[in-house]
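Peer 1: Sharing run27.cif here; it has mmCIF, C-alpha atoms.
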data_query
loop_
_atom_site.label_atom_id
_atom_site.label_comp_id
_atom_site.auth_asym_id
_atom_site.auth_seq_id
_atom_site.Cartn_x
_atom_site.Cartn_y
_atom_site.Cartn_z
CA PRO A 126 -144.58 -81.99 -156.58
CA CYS A 127 -146.43 -78.67 -157.02
CA LEU A 128 -149.64 -80.07 -155.55
CA ARG A 129 -147.75 -81.72 -152.68
CA ARG A 130 -146.17 -78.38 -151.78
CA ARG A 131 -149.54 -76.63 -151.82
CA VAL A 132 -151.30 -79.31 -149.80
CA ARG A 133 -148.51 -79.25 -147.21
CA ASN A 134 -149.52 -75.62 -146.53
CA LEU A 135 -152.85 -76.86 -145.23
CA TYR A 136 -151.30 -78.17 -142.07
CA ASP A 137 -147.95 -76.38 -141.75
CA PRO A 138 -148.47 -72.67 -140.97
CA ASN A 139 -144.71 -72.09 -141.08
CA GLU A 140 -144.56 -72.76 -144.80
CA ALA A 141 -144.94 -69.91 -147.28
CA GLY A 142 -148.60 -69.54 -148.13
CA THR A 143 -150.08 -69.66 -151.61
CA ASP A 144 -152.75 -67.04 -150.94
CA GLU A 145 -153.52 -66.40 -154.59
CA GLN A 146 -154.17 -70.06 -155.45
CA MET A 147 -155.79 -71.67 -152.44
CA SER A 148 -157.08 -71.10 -148.96
CA PHE A 149 -157.27 -73.30 -145.92
CA GLY A 150 -159.17 -73.50 -142.68
CA TRP A 151 -157.86 -72.51 -139.29
CA ALA A 152 -159.32 -73.54 -135.97
CA GLY A 153 -158.75 -70.83 -133.39
CA ASP A 154 -158.57 -67.08 -133.18
CA TYR A 155 -156.95 -64.91 -135.82
CA LEU A 156 -154.25 -63.50 -133.55
CA SER A 157 -153.02 -67.01 -132.78
CA TYR A 158 -152.97 -67.75 -136.50
CA ILE A 159 -150.97 -64.67 -137.47
CA SER A 160 -148.63 -65.24 -134.52
CA LEU A 161 -147.62 -68.49 -136.21
CA ILE A 162 -147.36 -66.89 -139.66
CA HIS A 163 -145.23 -63.94 -138.52
CA GLY A 164 -143.27 -65.79 -135.84
CA MET A 165 -144.20 -63.39 -133.04
CA ASP A 166 -146.83 -62.94 -130.34
CA ALA A 167 -149.34 -60.79 -132.26
CA ARG A 168 -151.55 -60.23 -129.21
CA ALA A 169 -148.62 -58.85 -127.19
CA MET A 170 -147.48 -56.69 -130.12
CA LEU A 171 -150.94 -55.16 -130.51
CA ASN A 172 -151.39 -54.56 -126.79
CA ARG A 173 -148.14 -52.63 -126.29
CA PRO A 174 -148.67 -49.01 -125.29
CA ALA A 175 -148.22 -46.38 -128.00
CA GLU A 176 -144.83 -44.65 -128.08
CA CYS A 177 -145.60 -41.97 -130.66
CA ASP A 178 -148.60 -40.13 -132.09
CA TYR A 179 -148.61 -41.60 -135.61
CA SER A 180 -147.17 -44.57 -137.46
CA ILE A 181 -146.98 -44.14 -141.22
CA ILE A 182 -147.13 -47.71 -142.53
CA VAL A 183 -145.23 -48.33 -145.80
CA PRO A 184 -144.86 -51.89 -147.11
CA ALA A 185 -142.25 -52.16 -149.87
CA ARG A 186 -141.27 -54.87 -152.33
CA ASN A 187 -138.34 -54.38 -154.72
CA SER A 188 -139.36 -50.73 -155.07
CA ALA A 189 -136.46 -48.56 -153.98
CA TYR A 190 -136.82 -46.13 -156.90
CA THR A 191 -140.29 -44.84 -155.97
CA LEU A 192 -139.81 -45.60 -152.27
CA ARG A 193 -137.10 -42.94 -152.03
CA TYR A 194 -139.64 -40.23 -152.89
CA THR A 195 -142.36 -41.79 -150.75
CA LEU A 196 -140.11 -41.75 -147.69
CA GLN A 197 -139.02 -38.17 -148.40
CA THR A 198 -142.66 -37.05 -148.35
CA CYS A 199 -143.18 -38.91 -145.07
CA LEU A 200 -140.16 -37.29 -143.45
CA ASN A 201 -140.85 -33.77 -144.76
CA GLN A 202 -143.90 -33.25 -142.56
CA ARG A 203 -144.64 -29.90 -140.92
CA TYR A 204 -145.95 -31.81 -137.93
CA THR A 205 -143.83 -31.11 -134.86
CA GLY A 206 -145.11 -34.04 -132.79
CA ASN A 207 -143.69 -37.54 -132.55
CA PHE A 208 -144.22 -39.93 -135.47
CA GLU A 209 -142.53 -42.92 -137.06
CA VAL A 210 -142.38 -44.42 -140.54
CA VAL A 211 -142.73 -48.21 -140.36
CA LEU A 212 -140.99 -49.68 -143.39
CA SER A 213 -141.91 -53.32 -143.99
CA ASP A 214 -139.41 -54.76 -146.49
CA ASN A 215 -141.07 -57.62 -148.33
CA SER A 216 -138.50 -57.76 -151.14
CA THR A 217 -137.54 -60.99 -152.86
CA GLU A 218 -134.61 -62.93 -151.44
CA GLY A 219 -131.29 -61.34 -152.38
CA ASN A 220 -132.80 -57.94 -153.25
CA ASP A 221 -131.30 -55.47 -150.76
CA GLU A 222 -132.33 -52.22 -152.50
CA VAL A 223 -134.95 -51.27 -149.88
CA TYR A 224 -132.58 -52.04 -147.00
CA ASN A 225 -129.74 -50.09 -148.65
CA LEU A 226 -132.07 -47.11 -149.17
CA TYR A 227 -133.05 -47.26 -145.48
CA LEU A 228 -129.34 -47.20 -144.52
CA GLU A 229 -128.65 -44.35 -146.94
CA MET A 230 -131.52 -42.21 -145.63
CA ASN A 231 -130.27 -42.76 -142.06
CA ASP A 232 -133.25 -41.18 -140.30
CA PRO A 233 -134.24 -42.45 -136.83
CA ARG A 234 -137.92 -41.88 -137.64
CA ILE A 235 -137.75 -44.73 -140.18
CA LYS A 236 -138.17 -48.09 -138.45
CA TYR A 237 -137.05 -50.89 -140.78
CA TYR A 238 -138.44 -54.44 -140.54
CA LYS A 239 -137.74 -57.34 -142.87
CA THR A 240 -140.62 -59.76 -143.30
CA PRO A 241 -139.81 -63.35 -142.27
CA ARG A 242 -140.61 -64.51 -145.82
CA GLU A 243 -142.25 -63.16 -148.95
CA TYR A 244 -145.86 -62.11 -148.32
CA ASN A 245 -148.74 -60.89 -150.41
CA LEU A 246 -149.52 -57.18 -149.96
CA SER A 247 -152.16 -57.60 -147.25
CA LYS A 248 -149.84 -59.74 -145.10
CA SER A 249 -147.02 -57.23 -145.58
CA PHE A 250 -149.33 -54.47 -144.31
CA GLU A 251 -150.38 -56.72 -141.42
CA PHE A 252 -146.74 -57.42 -140.50
CA ALA A 253 -146.03 -53.67 -140.47
CA VAL A 254 -149.07 -52.95 -138.28
CA LEU A 255 -147.76 -55.41 -135.71
CA GLN A 256 -144.44 -53.53 -135.61
CA SER A 257 -146.00 -50.06 -135.32
CA ARG A 258 -145.89 -48.05 -132.09
CA GLY A 259 -148.18 -45.15 -133.00
CA GLU A 260 -151.49 -44.30 -131.36
CA PHE A 261 -152.92 -43.82 -134.87
CA LEU A 262 -151.90 -45.60 -138.07
CA PHE A 263 -151.59 -43.97 -141.49
CA PHE A 264 -151.31 -46.35 -144.47
CA MET A 265 -149.66 -45.74 -147.84
CA GLY A 266 -147.94 -47.60 -150.65
CA ALA A 267 -144.27 -47.54 -151.60
CA ASP A 268 -145.13 -45.49 -154.69
CA ASP A 269 -147.42 -42.99 -152.93
CA GLY A 270 -146.71 -39.62 -151.39
CA VAL A 271 -148.15 -37.58 -148.55
CA LEU A 272 -148.49 -33.80 -148.57
CA PRO A 273 -146.35 -31.86 -146.07
CA TRP A 274 -149.31 -30.68 -144.00
CA ALA A 275 -150.98 -34.11 -143.75
CA LEU A 276 -150.10 -35.01 -140.15
CA SER A 277 -150.53 -31.48 -138.78
CA THR A 278 -153.96 -31.26 -140.44
CA LEU A 279 -154.86 -34.71 -139.16
CA GLU A 280 -153.83 -33.64 -135.65
CA ARG A 281 -156.10 -30.58 -135.90
CA VAL A 282 -159.01 -32.73 -137.12
CA ARG A 283 -158.44 -35.18 -134.25
CA LYS A 284 -158.70 -32.32 -131.76
CA ASP A 285 -161.88 -31.02 -133.43
CA TYR A 286 -163.45 -34.51 -133.40
CA PRO A 287 -161.99 -36.25 -130.32
CA ASN A 288 -164.44 -39.18 -130.29
CA GLU A 289 -163.75 -40.43 -133.83
CA GLN A 290 -161.75 -43.66 -134.05
CA VAL A 291 -161.43 -43.71 -137.85
CA ILE A 292 -160.86 -40.67 -140.06
CA GLY A 293 -160.93 -40.91 -143.85
CA TRP A 294 -160.60 -38.43 -146.69
CA ASP A 295 -160.66 -38.21 -150.47
CA ARG A 296 -157.22 -38.75 -151.87
CA GLY A 297 -155.51 -37.16 -154.82
CA PHE A 298 -153.84 -39.19 -157.53
CA TYR A 299 -150.53 -38.82 -159.34
CA ALA A 300 -149.24 -41.39 -161.82
CA TRP A 301 -145.46 -41.76 -161.90
CA PRO A 302 -143.62 -41.50 -165.23
CA GLY A 303 -143.86 -44.89 -166.91
CA PHE A 304 -146.97 -45.87 -164.91
CA ASN A 305 -149.73 -47.63 -166.82
CA GLY A 306 -149.11 -46.06 -170.22
CA GLY A 307 -151.80 -43.41 -170.71
CA GLN A 308 -152.06 -42.51 -167.02
CA GLU A 309 -148.46 -41.47 -166.52
CA ASN A 310 -147.91 -37.94 -165.21
CA GLN A 311 -151.61 -37.46 -164.41
CA PHE A 312 -152.27 -35.38 -161.33
CA ILE A 313 -155.83 -35.41 -160.02
CA ILE A 314 -157.05 -33.33 -157.08
CA PRO A 315 -160.38 -34.45 -155.54
CA GLY A 316 -163.22 -32.24 -156.76
CA ARG A 317 -164.39 -30.95 -153.38
CA TYR A 318 -161.05 -29.34 -152.53
CA GLU A 319 -160.52 -25.63 -153.06
CA LYS A 320 -157.25 -23.72 -153.20
CA ASP A 321 -156.06 -22.45 -149.79
CA LYS A 322 -158.74 -24.39 -147.85
#
Would you give me this structure, written as structure tokens?

Peer 2:
Amino acid sequence: PCLRRRVRNLYDPNEAGTDEQMSFGWAGDYLSYISLIHGMDARAMLNRPAECDYSIIVPARNSAYTLRYTLQTCLNQRYTGNFEVVLSDNSTEGNDEVYNLYLEMNDPRIKYYKTPREYNLSKSFEFAVLQSRGEFLFFMGADDGVLPWALSTLERVRKDYPNEQVIGWDRGFYAWPGFNGGQENQFIIPGRYEKDK
């Protein structure tokens, strides 16, 4: 029965994939493929005009405890322009913690989307990207945080370098209490950064 279920995924793109255990071939372009997986027209979603400056992409899975703080850092930006937080809820069936947190926070900048089924992390990110309406996308995890000046600094850098399509930077690291034993409560600032610069 287990093998039959897995083999069925080879020819039925509407079934839940087993990405960790097997892969299968697809004839056609990738946007057609993910349109079937996500149940939407991916090409049309990607070609919509931007409605805001930035989309902060946050996929979440059964992670309301850390997500609360992640979303607070996203919303507490000094940036005065228009941005959204795209929350892709990939929680297991029956787990409504992420949705309930979204309702509790009640902020119109948070755009909530429930995945059509349980995805691996890369597909959850992909689903969120398709929902986003920002000119630029900013990716982070449900247990990450963003500093309050991040978007305003990014906006300044964009103006200084108008022809760049991708901007990257060294990231800091903080390990939540209870994270990975010996790493918990570590706070690491990248070595090239200096105070007040």

Peer 1: Residues around (-142.4, -49.8, -134.0), cut-off 9 Å, counting all atoms listed in the file - what are they as a PyMOL selection string?

Peer 2: chain A and resi 176+180+209-211+236-238+253-259

Peer 1: Would you list the contacts of Val271 (chain A) as an MDAnalysis selection string, taking every protein, DNA or RNA residue within 10 Å and counting only C-alpha atoms, but skipping same-chain residues closer than 4 positions in sequence?

Peer 2: chainID A and resid 181 194:202 265 275:276 296:297

Peer 1: Give me the result of the PyMOL selection byres ((chain A and resi 291) around 12) on this file, residue by residue, as a PyMOL selection string.

Peer 2: chain A and resi 260-263+279+282-283+286-290+292-294

Peer 1: List the neighbours of region 222-234 of chain A out to 9 Å using all atoms listed in the file; skip same-chain residues closer than 4 positions along the sequence, and give me the result as a list in words.

Peer 2: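 Contacts, in chain order: Ala185, Arg186, Asn187, Ser188, Ala189, Tyr190, Leu192, Arg193, Leu196, Gln197, Leu200, Asn207, Phe208, Glu209, Val210, Val211, Leu212, Asp214, Asn215, Ser216 and Lys239 of chain A.
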
Peer 1: Leaving out region 299-315 of chain A and any residue of its chain fewer than 2 positions from it, which residues lie within 10 Å of it when counting all atoms listed in the file, given as JSON, numbers by chain?

Peer 2: {"A": [191, 268, 269, 270, 294, 295, 296, 297, 317, 318, 319]}

Peer 1: Here is a test: counting only C-alpha atoms, which residue of A:Tyr179, A:Tyr204, A:Phe264, A:Phe252 is nearest to Ile159 (chain A)?

Peer 2: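 For Ile159 (chain A), the nearest of the candidates is A:Phe252.
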
Peer 1: So, with all atoms listed in the file as the atoms that count, which of A:Asp221, A:Leu272, A:Leu246, A:Leu156 lies closest to Met170 (chain A)?

Peer 2: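 Counting all atoms listed in the file, the residue closest to Met170 (chain A) is A:Leu156.
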
Peer 1: If I take CA of Pro273 (chain A) and CA of Arg203 (chain A), how far is one from the other in Å, to one decimal?

Peer 2: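 Answer for the CA of Pro273 (chain A) to CA of Arg203 (chain A) separation: 5.8 Å.
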
Peer 1: Rounded to one decimal in Å, what is the spacing between CA of Thr217 (chain A) and CA of Ala267 (chain A)?

Peer 2: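 That distance, rounded to one decimal, is 15.1 Å.
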
Peer 1: State, in Å with one decimal place, the distance from CA of Ile235 (chain A) to CA of Asp178 (chain A).

Peer 2: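 Those two atoms sit 14.3 Å apart.
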
Peer 1: Taking only C-alpha atoms into account, name the residue in A:Thr205, A:Ala175, A:Ala169, A:Gly266 that is nearest to Thr278 (chain A).

Peer 2: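 Closest to Thr278 (chain A), using only C-alpha atoms: A:Thr205.
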
Peer 1: Please list as a list in words every residue within 6 Å of Pro184 (chain A), counting only C-alpha atoms and excluding residues in the same chain fewer than 5 positions away.

Peer 2: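 Result of the neighbour search: Leu212, Ser213, Ser249 and Phe250 of chain A.
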
Peer 1: Output region 196-209 of chain A from the block with all heavy atoms, as a short mmCIF file (atom, residue, chain, number, x, y, z; two decimals), in the first residue's frame?

Peer 2:
data_model
loop_
_atom_site.label_atom_id
_atom_site.label_comp_id
_atom_site.auth_asym_id
_atom_site.auth_seq_id
_atom_site.Cartn_x
_atom_site.Cartn_y
_atom_site.Cartn_z
N LEU A 196 6.63 37.97 13.64
CA LEU A 196 5.68 38.93 13.06
C LEU A 196 5.80 40.30 13.70
O LEU A 196 5.70 41.33 13.02
CB LEU A 196 4.25 38.40 13.15
CG LEU A 196 3.95 37.15 12.31
CD1 LEU A 196 2.53 36.66 12.56
CD2 LEU A 196 4.18 37.41 10.83
N GLN A 197 6.03 40.34 15.01
CA GLN A 197 6.20 41.63 15.68
C GLN A 197 7.40 42.38 15.11
O GLN A 197 7.33 43.59 14.89
CB GLN A 197 6.35 41.44 17.19
CG GLN A 197 5.06 41.09 17.88
CD GLN A 197 5.25 40.72 19.33
OE1 GLN A 197 6.35 40.57 19.84
NE2 GLN A 197 4.12 40.56 20.03
N THR A 198 8.51 41.67 14.84
CA THR A 198 9.67 42.35 14.26
C THR A 198 9.37 42.83 12.84
O THR A 198 9.86 43.87 12.42
CB THR A 198 10.93 41.46 14.25
OG1 THR A 198 10.79 40.39 13.33
CG2 THR A 198 11.26 40.94 15.64
N CYS A 199 8.56 42.09 12.11
CA CYS A 199 8.18 42.52 10.75
C CYS A 199 7.31 43.77 10.79
O CYS A 199 7.48 44.68 9.97
CB CYS A 199 7.40 41.41 10.04
SG CYS A 199 8.37 39.93 9.67
N LEU A 200 6.41 43.84 11.74
CA LEU A 200 5.47 44.96 11.81
C LEU A 200 6.08 46.20 12.43
O LEU A 200 5.64 47.32 12.16
CB LEU A 200 4.22 44.54 12.59
CG LEU A 200 3.42 43.39 11.98
CD1 LEU A 200 2.31 42.96 12.93
CD2 LEU A 200 2.85 43.77 10.62
N ASN A 201 7.11 46.04 13.24
CA ASN A 201 7.73 47.17 13.94
C ASN A 201 8.87 47.77 13.12
O ASN A 201 9.94 48.07 13.65
CB ASN A 201 8.23 46.74 15.32
CG ASN A 201 7.09 46.44 16.26
OD1 ASN A 201 6.03 47.05 16.16
ND2 ASN A 201 7.29 45.50 17.15
N GLN A 202 8.63 47.97 11.85
CA GLN A 202 9.63 48.57 10.96
C GLN A 202 9.53 50.10 11.01
O GLN A 202 8.43 50.64 11.13
CB GLN A 202 9.42 48.09 9.53
CG GLN A 202 9.76 46.64 9.31
CD GLN A 202 11.24 46.37 9.54
OE1 GLN A 202 12.10 46.97 8.89
NE2 GLN A 202 11.54 45.50 10.48
N ARG A 203 10.66 50.76 10.89
CA ARG A 203 10.68 52.22 10.81
C ARG A 203 10.33 52.71 9.40
O ARG A 203 10.12 53.90 9.20
CB ARG A 203 12.06 52.74 11.20
CG ARG A 203 12.41 52.43 12.64
CD ARG A 203 13.80 52.88 12.98
NE ARG A 203 14.16 52.45 14.33
CZ ARG A 203 15.39 52.39 14.77
NH1 ARG A 203 16.39 52.74 13.99
NH2 ARG A 203 15.64 52.00 15.99
N TYR A 204 10.27 51.80 8.49
CA TYR A 204 9.98 52.13 7.10
C TYR A 204 8.58 52.71 6.99
O TYR A 204 7.61 52.15 7.52
CB TYR A 204 10.10 50.86 6.25
CG TYR A 204 9.85 51.05 4.79
CD1 TYR A 204 10.69 51.85 4.03
CD2 TYR A 204 8.78 50.44 4.16
CE1 TYR A 204 10.47 52.03 2.67
CE2 TYR A 204 8.56 50.60 2.80
CZ TYR A 204 9.41 51.40 2.07
OH TYR A 204 9.18 51.57 0.73
N THR A 205 8.45 53.84 6.31
CA THR A 205 7.15 54.51 6.21
C THR A 205 6.44 54.20 4.90
O THR A 205 5.32 54.66 4.68
CB THR A 205 7.32 56.04 6.36
OG1 THR A 205 8.24 56.50 5.36
CG2 THR A 205 7.82 56.40 7.75
N GLY A 206 7.09 53.44 4.02
CA GLY A 206 6.46 53.06 2.75
C GLY A 206 5.48 51.91 2.93
O GLY A 206 5.16 51.50 4.05
N ASN A 207 5.04 51.38 1.83
CA ASN A 207 4.01 50.35 1.81
C ASN A 207 4.65 48.96 1.72
O ASN A 207 5.41 48.69 0.79
CB ASN A 207 3.10 50.60 0.59
CG ASN A 207 1.87 49.74 0.59
OD1 ASN A 207 1.57 49.03 1.55
ND2 ASN A 207 1.14 49.77 -0.51
N PHE A 208 4.36 48.11 2.70
CA PHE A 208 4.86 46.74 2.67
C PHE A 208 3.81 45.79 3.24
O PHE A 208 2.89 46.21 3.93
CB PHE A 208 6.19 46.60 3.41
CG PHE A 208 6.10 46.70 4.91
CD1 PHE A 208 6.00 45.56 5.70
CD2 PHE A 208 6.11 47.94 5.54
CE1 PHE A 208 5.92 45.65 7.09
CE2 PHE A 208 6.04 48.04 6.92
CZ PHE A 208 5.94 46.89 7.70
N GLU A 209 3.98 44.51 2.91
CA GLU A 209 3.09 43.48 3.42
C GLU A 209 3.92 42.35 4.02
O GLU A 209 5.09 42.19 3.69
CB GLU A 209 2.20 42.93 2.30
CG GLU A 209 2.98 42.16 1.25
CD GLU A 209 2.10 41.55 0.16
OE1 GLU A 209 0.87 41.65 0.22
OE2 GLU A 209 2.69 40.94 -0.76
#
